[in-house]
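See structure below.
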Amino acid sequence: MPRSGRFRELDAGIPEGRKALARVLRTLMKVVGLSLRQTHAELTRRDCGCDTSASALSDLLNARIHKPKREVIQALYELAETAAQTSDASMPVTWEELEDLWVKACELPAALCTSCQHPVLPVPSAQGDRQHGKGQWPTALTLLDMKQNRRAEDVAGILRHVGVVGEPTEVAHAVAACRACGLGSEADVILRYAQTGRDGRQLAEIAYEFMRIEDNAMAQRALGMFLAM
C-alpha cells in the first residue's frame, strides 16, 4: 500500500462494480492501518481460511481480480472490525453493504458494441418466456461459472445474500434466472433463505413478482410459503 494511505488511480477500463468494491476495501484498509505485507501476515496468523498473498491483496485493492473471493473480502472486513474496536474508528461500511458490492463486482460485464464500445442492452424476451429471467438477473451466469470452477463458498454466499437481503423483485428474478440456467437446487436455496428471513408482506411481494413475470409455479410456491407463516 502506498505511503500515507494513498492508492493509485483505478484503471479506466475496469467495470464500475469492481471499482466500487475496491474503493470501499481501500477505506477498510485505512481502518486496518497496516501495509499489505503486514495485513497478509495478520490474516495468516488469524487462520481465516482465505488463500491470498500480499500481491493478491494489491490486485484486489486495484480491482484487477475479476471474481473476488468472498472469504478474502470477509476476512478483511473482520480485520478492520477488530482494528476499529481498539482505535475507536468508525466502520465505513456494514457487512451487508459490502457483501452487496461483492455480488455486483462478480457480475459479468455487459457486452460492448464493436464499433462504438458502448454497452449492448439485451433485447427483452416475451413475458412468460423462461429465458426472461436470465436478462433480469445476469448474476445467474456468474453463479454457473463459479459452480463449474468449484467455488462452492462463493456460490453459497451469493445465494444467502440474495435470499436474505435482496429486494423481493430480485429474489423472484434470481430464482427464475437460476431455473432457466439449470440451477434448480440453487433456486431452491434462495427461496429457503427468503422463507426463513422475511415477513409475510415481503413473501407476498415475491409471489406477486413471480405472477408478473408469469412464472405461475413459483408464484404458487411463494404463496404457500406466505400462507404457512
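If you're wondering about the labels, chains in the C-alpha cells are A, B, ... by order shown, residues count from 1 in each chain, ligands from 1 in order shown.
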
Determine, counting only C-alpha atoms, which protein, DNA and RNA residues have an atom within 12 Å of an atom of A:Ala217; residues of the same chain fewer than 2 positions away are not included. Present the result as a PyMOL selection string.
chain A and resi 128+130+172+175-176+179+207+210-211+213-215+219-224

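Minimum atom-to-atom distances from A:Ala187, A:Leu10, A:Leu141, A:Ala204 to A:Pro168 were compared using only C-alpha atoms, and the lowest value belongs to A:Ala204.
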
Show which residues sit within 12 Å of A:Cys178, as a PyMOL selection string. Count only C-alpha atoms, and ignore same-chain residues fewer than 4 positions away.
chain A and resi 130-144+147+155+159+170-174+182-191

Leaving out stretch 83-85 of chain A and any residue of its chain fewer than 2 positions from it, which residues lie within 12 Å of it when counting only C-alpha atoms, given as JSON, numbers by chain?
{"A": [27, 28, 29, 30, 31, 32, 33, 34, 39, 42, 76, 77, 78, 79, 80, 81, 87, 88, 89, 90, 91, 92, 93]}

Using the selection just defined, write its residues with N, CA and C atoms as a PDB file, in the first residue's frame.
```pdb
ATOM      1  N   THR A  27     -11.006   1.892   1.913  1.00  0.00           N
ATOM      2  CA  THR A  27     -11.367   2.570   3.164  1.00  0.00           C
ATOM      3  C   THR A  27     -11.213   1.628   4.358  1.00  0.00           C
ATOM      4  N   LEU A  28     -11.471   0.331   4.146  1.00  0.00           N
ATOM      5  CA  LEU A  28     -11.266  -0.639   5.219  1.00  0.00           C
ATOM      6  C   LEU A  28      -9.774  -0.782   5.545  1.00  0.00           C
ATOM      7  N   MET A  29      -8.935  -0.737   4.519  1.00  0.00           N
ATOM      8  CA  MET A  29      -7.501  -0.844   4.743  1.00  0.00           C
ATOM      9  C   MET A  29      -6.986   0.328   5.572  1.00  0.00           C
ATOM     10  N   LYS A  30      -7.589   1.493   5.382  1.00  0.00           N
ATOM     11  CA  LYS A  30      -7.192   2.646   6.194  1.00  0.00           C
ATOM     12  C   LYS A  30      -7.554   2.431   7.658  1.00  0.00           C
ATOM     13  N   VAL A  31      -8.672   1.747   7.905  1.00  0.00           N
ATOM     14  CA  VAL A  31      -9.053   1.412   9.282  1.00  0.00           C
ATOM     15  C   VAL A  31      -8.080   0.386   9.858  1.00  0.00           C
ATOM     16  N   VAL A  32      -7.697  -0.596   9.042  1.00  0.00           N
ATOM     17  CA  VAL A  32      -6.747  -1.622   9.483  1.00  0.00           C
ATOM     18  C   VAL A  32      -5.409  -0.983   9.855  1.00  0.00           C
ATOM     19  N   GLY A  33      -4.950  -0.059   9.003  1.00  0.00           N
ATOM     20  CA  GLY A  33      -3.727   0.684   9.311  1.00  0.00           C
ATOM     21  C   GLY A  33      -2.438  -0.087   9.148  1.00  0.00           C
ATOM     22  N   LEU A  34      -2.429  -1.148   8.352  1.00  0.00           N
ATOM     23  CA  LEU A  34      -1.242  -1.966   8.129  1.00  0.00           C
ATOM     24  C   LEU A  34      -0.860  -1.948   6.663  1.00  0.00           C
ATOM     25  N   THR A  39      -0.758  -6.902   6.570  1.00  0.00           N
ATOM     26  CA  THR A  39      -2.144  -7.378   6.525  1.00  0.00           C
ATOM     27  C   THR A  39      -2.187  -8.854   6.185  1.00  0.00           C
ATOM     28  N   GLU A  42      -1.110 -10.855   9.150  1.00  0.00           N
ATOM     29  CA  GLU A  42      -2.147 -10.897  10.182  1.00  0.00           C
ATOM     30  C   GLU A  42      -3.268 -11.857   9.800  1.00  0.00           C
ATOM     31  N   LEU A  76     -10.965  -9.464   5.443  1.00  0.00           N
ATOM     32  CA  LEU A  76     -10.539  -8.067   5.527  1.00  0.00           C
ATOM     33  C   LEU A  76     -11.522  -7.253   6.364  1.00  0.00           C
ATOM     34  N   TYR A  77     -12.804  -7.519   6.181  1.00  0.00           N
ATOM     35  CA  TYR A  77     -13.817  -6.794   6.946  1.00  0.00           C
ATOM     36  C   TYR A  77     -13.670  -7.077   8.444  1.00  0.00           C
ATOM     37  N   GLU A  78     -13.493  -8.339   8.789  1.00  0.00           N
ATOM     38  CA  GLU A  78     -13.361  -8.711  10.203  1.00  0.00           C
ATOM     39  C   GLU A  78     -12.083  -8.141  10.805  1.00  0.00           C
ATOM     40  N   LEU A  79     -11.007  -8.070  10.004  1.00  0.00           N
ATOM     41  CA  LEU A  79      -9.766  -7.470  10.482  1.00  0.00           C
ATOM     42  C   LEU A  79      -9.967  -5.982  10.757  1.00  0.00           C
ATOM     43  N   ALA A  80     -10.697  -5.300   9.866  1.00  0.00           N
ATOM     44  CA  ALA A  80     -10.985  -3.879  10.072  1.00  0.00           C
ATOM     45  C   ALA A  80     -11.873  -3.675  11.292  1.00  0.00           C
ATOM     46  N   GLU A  81     -12.835  -4.586  11.493  1.00  0.00           N
ATOM     47  CA  GLU A  81     -13.706  -4.500  12.673  1.00  0.00           C
ATOM     48  C   GLU A  81     -12.908  -4.564  13.972  1.00  0.00           C
ATOM     49  N   SER A  87      -9.227   1.137  18.182  1.00  0.00           N
ATOM     50  CA  SER A  87      -8.832   2.519  17.884  1.00  0.00           C
ATOM     51  C   SER A  87      -9.998   3.499  17.942  1.00  0.00           C
ATOM     52  N   ASP A  88     -11.188   2.998  18.259  1.00  0.00           N
ATOM     53  CA  ASP A  88     -12.403   3.828  18.290  1.00  0.00           C
ATOM     54  C   ASP A  88     -12.722   4.443  16.934  1.00  0.00           C
ATOM     55  N   ALA A  89     -12.222   3.846  15.848  1.00  0.00           N
ATOM     56  CA  ALA A  89     -12.552   4.318  14.500  1.00  0.00           C
ATOM     57  C   ALA A  89     -13.927   3.799  14.114  1.00  0.00           C
ATOM     58  N   SER A  90     -14.585   4.480  13.206  1.00  0.00           N
ATOM     59  CA  SER A  90     -15.898   4.038  12.734  1.00  0.00           C
ATOM     60  C   SER A  90     -15.736   3.222  11.462  1.00  0.00           C
ATOM     61  N   MET A  91     -16.544   2.183  11.352  1.00  0.00           N
ATOM     62  CA  MET A  91     -16.509   1.351  10.152  1.00  0.00           C
ATOM     63  C   MET A  91     -17.188   2.091   9.000  1.00  0.00           C
ATOM     64  N   PRO A  92     -16.553   2.158   7.836  1.00  0.00           N
ATOM     65  CA  PRO A  92     -17.121   2.909   6.720  1.00  0.00           C
ATOM     66  C   PRO A  92     -18.256   2.201   5.994  1.00  0.00           C
ATOM     67  N   VAL A  93     -18.495   0.938   6.313  1.00  0.00           N
ATOM     68  CA  VAL A  93     -19.496   0.150   5.595  1.00  0.00           C
ATOM     69  C   VAL A  93     -19.948  -0.992   6.494  1.00  0.00           C
TER      70      VAL A  93
END
```

Could you work out how far atom CA of A:Ser53 lies from atom CA of A:Gln38, giving the answer in Å with one decimal?
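One can read the atom CA of A:Gln38 to atom CA of A:Ser53 distance as 10.5 Å.
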
Report, in Å to a single decimal, how far apart atom CA of A:Leu21 and atom CA of A:Leu61 are.
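For atom CA of A:Leu61 relative to atom CA of A:Leu21, the distance reads 8.3 Å.
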
Can you tell me how far atom CA of A:Leu36 sits from atom CA of A:Glu97, in Å to one decimal?
23.3 Å

Rank A:Asn62, A:Asn216, A:Thr82, A:Thr196 by their smallest atom-to-atom distance to A:Ala20, using only C-alpha atoms, and report the top residue only.
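Nearest candidate to A:Ala20 out of A:Asn62, A:Asn216, A:Thr82, A:Thr196: A:Asn62.
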
When DSSP works through the backbone of this structure, what residues of stretch 12-187 of chain A end up as alpha helix (DSSP H), shown as a PyMOL selection string?
chain A and resi 16-32+36-46+54-61+70-87+95-106+132-136+139-148+152-165+168-180+184-187

Output the selection as an mmCIF file, in the first residue's frame - C-alpha atoms for each residue.
```cif
data_model
loop_
_atom_site.group_PDB
_atom_site.id
_atom_site.type_symbol
_atom_site.label_atom_id
_atom_site.label_comp_id
_atom_site.auth_asym_id
_atom_site.auth_seq_id
_atom_site.Cartn_x
_atom_site.Cartn_y
_atom_site.Cartn_z
ATOM 1 C CA GLU A 16 -17.721 0.004 -12.306
ATOM 2 C CA GLY A 17 -18.863 -2.810 -9.988
ATOM 3 C CA ARG A 18 -15.281 -3.894 -9.337
ATOM 4 C CA LYS A 19 -14.179 -0.282 -8.909
ATOM 5 C CA ALA A 20 -16.871 0.358 -6.306
ATOM 6 C CA LEU A 21 -15.796 -2.696 -4.313
ATOM 7 C CA ALA A 22 -12.119 -1.695 -4.493
ATOM 8 C CA ARG A 23 -12.863 1.837 -3.269
ATOM 9 C CA VAL A 24 -14.679 0.539 -0.191
ATOM 10 C CA LEU A 25 -11.976 -2.047 0.511
ATOM 11 C CA ARG A 26 -9.437 0.778 0.427
ATOM 12 C CA THR A 27 -11.367 2.570 3.164
ATOM 13 C CA LEU A 28 -11.266 -0.639 5.219
ATOM 14 C CA MET A 29 -7.501 -0.844 4.743
ATOM 15 C CA LYS A 30 -7.192 2.646 6.194
ATOM 16 C CA VAL A 31 -9.053 1.412 9.282
ATOM 17 C CA VAL A 32 -6.747 -1.622 9.483
ATOM 18 C CA LEU A 36 -0.179 -5.150 2.536
ATOM 19 C CA ARG A 37 2.532 -7.492 3.816
ATOM 20 C CA GLN A 38 1.510 -6.865 7.426
ATOM 21 C CA THR A 39 -2.144 -7.378 6.525
ATOM 22 C CA HIS A 40 -1.348 -10.673 4.821
ATOM 23 C CA ALA A 41 0.719 -11.762 7.828
ATOM 24 C CA GLU A 42 -2.147 -10.897 10.182
ATOM 25 C CA LEU A 43 -4.679 -12.787 8.071
ATOM 26 C CA THR A 44 -2.348 -15.783 8.093
ATOM 27 C CA ARG A 45 -1.910 -15.536 11.865
ATOM 28 C CA ARG A 46 -5.668 -15.386 12.379
ATOM 29 C CA ALA A 54 0.281 -9.575 -0.439
ATOM 30 C CA SER A 55 0.332 -9.324 -4.241
ATOM 31 C CA ALA A 56 -3.199 -10.762 -4.464
ATOM 32 C CA LEU A 57 -4.397 -8.194 -1.917
ATOM 33 C CA SER A 58 -2.821 -5.483 -4.064
ATOM 34 C CA ASP A 59 -4.700 -6.799 -7.098
ATOM 35 C CA LEU A 60 -7.923 -6.827 -5.069
ATOM 36 C CA LEU A 61 -7.493 -3.219 -3.935
ATOM 37 C CA ARG A 70 -15.916 -13.877 -0.601
ATOM 38 C CA GLU A 71 -13.761 -15.335 2.165
ATOM 39 C CA VAL A 72 -10.991 -12.800 1.450
ATOM 40 C CA ILE A 73 -13.481 -9.904 1.499
ATOM 41 C CA GLN A 74 -14.951 -11.155 4.784
ATOM 42 C CA ALA A 75 -11.518 -11.661 6.355
ATOM 43 C CA LEU A 76 -10.539 -8.067 5.527
ATOM 44 C CA TYR A 77 -13.817 -6.794 6.946
ATOM 45 C CA GLU A 78 -13.361 -8.711 10.203
ATOM 46 C CA LEU A 79 -9.766 -7.470 10.482
ATOM 47 C CA ALA A 80 -10.985 -3.879 10.072
ATOM 48 C CA GLU A 81 -13.706 -4.500 12.673
ATOM 49 C CA THR A 82 -11.113 -5.626 15.196
ATOM 50 C CA ALA A 83 -8.904 -2.609 14.457
ATOM 51 C CA ALA A 84 -11.880 -0.239 14.756
ATOM 52 C CA GLN A 85 -12.745 -1.590 18.201
ATOM 53 C CA THR A 86 -9.260 -0.891 19.543
ATOM 54 C CA SER A 87 -8.832 2.519 17.884
ATOM 55 C CA TRP A 95 -21.092 -6.244 6.139
ATOM 56 C CA GLU A 96 -24.420 -6.361 4.273
ATOM 57 C CA GLU A 97 -23.424 -3.334 2.167
ATOM 58 C CA LEU A 98 -20.000 -4.811 1.454
ATOM 59 C CA GLU A 99 -21.474 -8.177 0.517
ATOM 60 C CA ASP A 100 -23.845 -6.434 -1.896
ATOM 61 C CA LEU A 101 -20.873 -4.682 -3.545
ATOM 62 C CA TRP A 102 -19.085 -8.037 -3.793
ATOM 63 C CA VAL A 103 -22.069 -9.625 -5.554
ATOM 64 C CA LYS A 104 -22.178 -6.747 -8.057
ATOM 65 C CA ALA A 105 -18.417 -6.939 -8.596
ATOM 66 C CA CYS A 106 -18.719 -10.612 -9.532
ATOM 67 C CA HIS A 132 -36.790 -13.819 -19.392
ATOM 68 C CA GLY A 133 -35.154 -14.424 -16.044
ATOM 69 C CA LYS A 134 -31.603 -14.537 -17.414
ATOM 70 C CA GLY A 135 -31.665 -10.953 -18.621
ATOM 71 C CA GLN A 136 -33.232 -9.680 -15.398
ATOM 72 C CA THR A 139 -25.588 -12.922 -11.810
ATOM 73 C CA ALA A 140 -27.013 -16.371 -12.616
ATOM 74 C CA LEU A 141 -24.335 -16.703 -15.285
ATOM 75 C CA THR A 142 -21.712 -15.789 -12.696
ATOM 76 C CA LEU A 143 -23.103 -18.473 -10.386
ATOM 77 C CA LEU A 144 -22.923 -21.011 -13.196
ATOM 78 C CA ASP A 145 -19.278 -20.097 -13.841
ATOM 79 C CA MET A 146 -18.418 -20.280 -10.127
ATOM 80 C CA LYS A 147 -20.126 -23.655 -9.784
ATOM 81 C CA GLN A 148 -18.202 -25.042 -12.754
ATOM 82 C CA ALA A 152 -18.833 -23.501 -3.606
ATOM 83 C CA GLU A 153 -18.328 -20.981 -0.795
ATOM 84 C CA ASP A 154 -18.735 -18.030 -3.152
ATOM 85 C CA VAL A 155 -21.875 -19.579 -4.652
ATOM 86 C CA ALA A 156 -23.309 -20.103 -1.166
ATOM 87 C CA GLY A 157 -22.524 -16.502 -0.230
ATOM 88 C CA ILE A 158 -24.387 -15.079 -3.220
ATOM 89 C CA LEU A 159 -27.401 -17.323 -2.650
ATOM 90 C CA ARG A 160 -27.623 -16.377 1.020
ATOM 91 C CA HIS A 161 -27.205 -12.665 0.291
ATOM 92 C CA VAL A 162 -29.960 -12.585 -2.334
ATOM 93 C CA GLY A 163 -32.346 -14.717 -0.281
ATOM 94 C CA VAL A 164 -31.873 -12.760 2.946
ATOM 95 C CA VAL A 165 -31.351 -9.111 1.936
ATOM 96 C CA PRO A 168 -38.404 -9.108 -3.367
ATOM 97 C CA THR A 169 -38.228 -8.401 -7.111
ATOM 98 C CA GLU A 170 -34.580 -9.504 -7.176
ATOM 99 C CA VAL A 171 -35.435 -12.718 -5.330
ATOM 100 C CA ALA A 172 -38.079 -13.631 -7.908
ATOM 101 C CA HIS A 173 -35.835 -12.824 -10.871
ATOM 102 C CA ALA A 174 -32.888 -14.617 -9.271
ATOM 103 C CA VAL A 175 -34.961 -17.783 -8.809
ATOM 104 C CA ALA A 176 -36.317 -17.576 -12.359
ATOM 105 C CA ALA A 177 -32.832 -16.974 -13.794
ATOM 106 C CA CYS A 178 -31.301 -19.868 -11.846
ATOM 107 C CA ARG A 179 -34.016 -22.238 -13.039
ATOM 108 C CA ALA A 180 -33.540 -21.028 -16.638
ATOM 109 C CA GLY A 184 -32.675 -25.619 -9.814
ATOM 110 C CA SER A 185 -31.101 -26.549 -6.479
ATOM 111 C CA GLU A 186 -29.603 -23.049 -6.182
ATOM 112 C CA ALA A 187 -33.050 -21.549 -6.849
#
```

Given only C-alpha atoms as the basis, pick out the residue of A:Arg150, A:Ser35, A:Phe226, A:Arg64 nearest to A:Tyr208.
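Among A:Arg150, A:Ser35, A:Phe226, A:Arg64, it is A:Phe226 that comes nearest to A:Tyr208.
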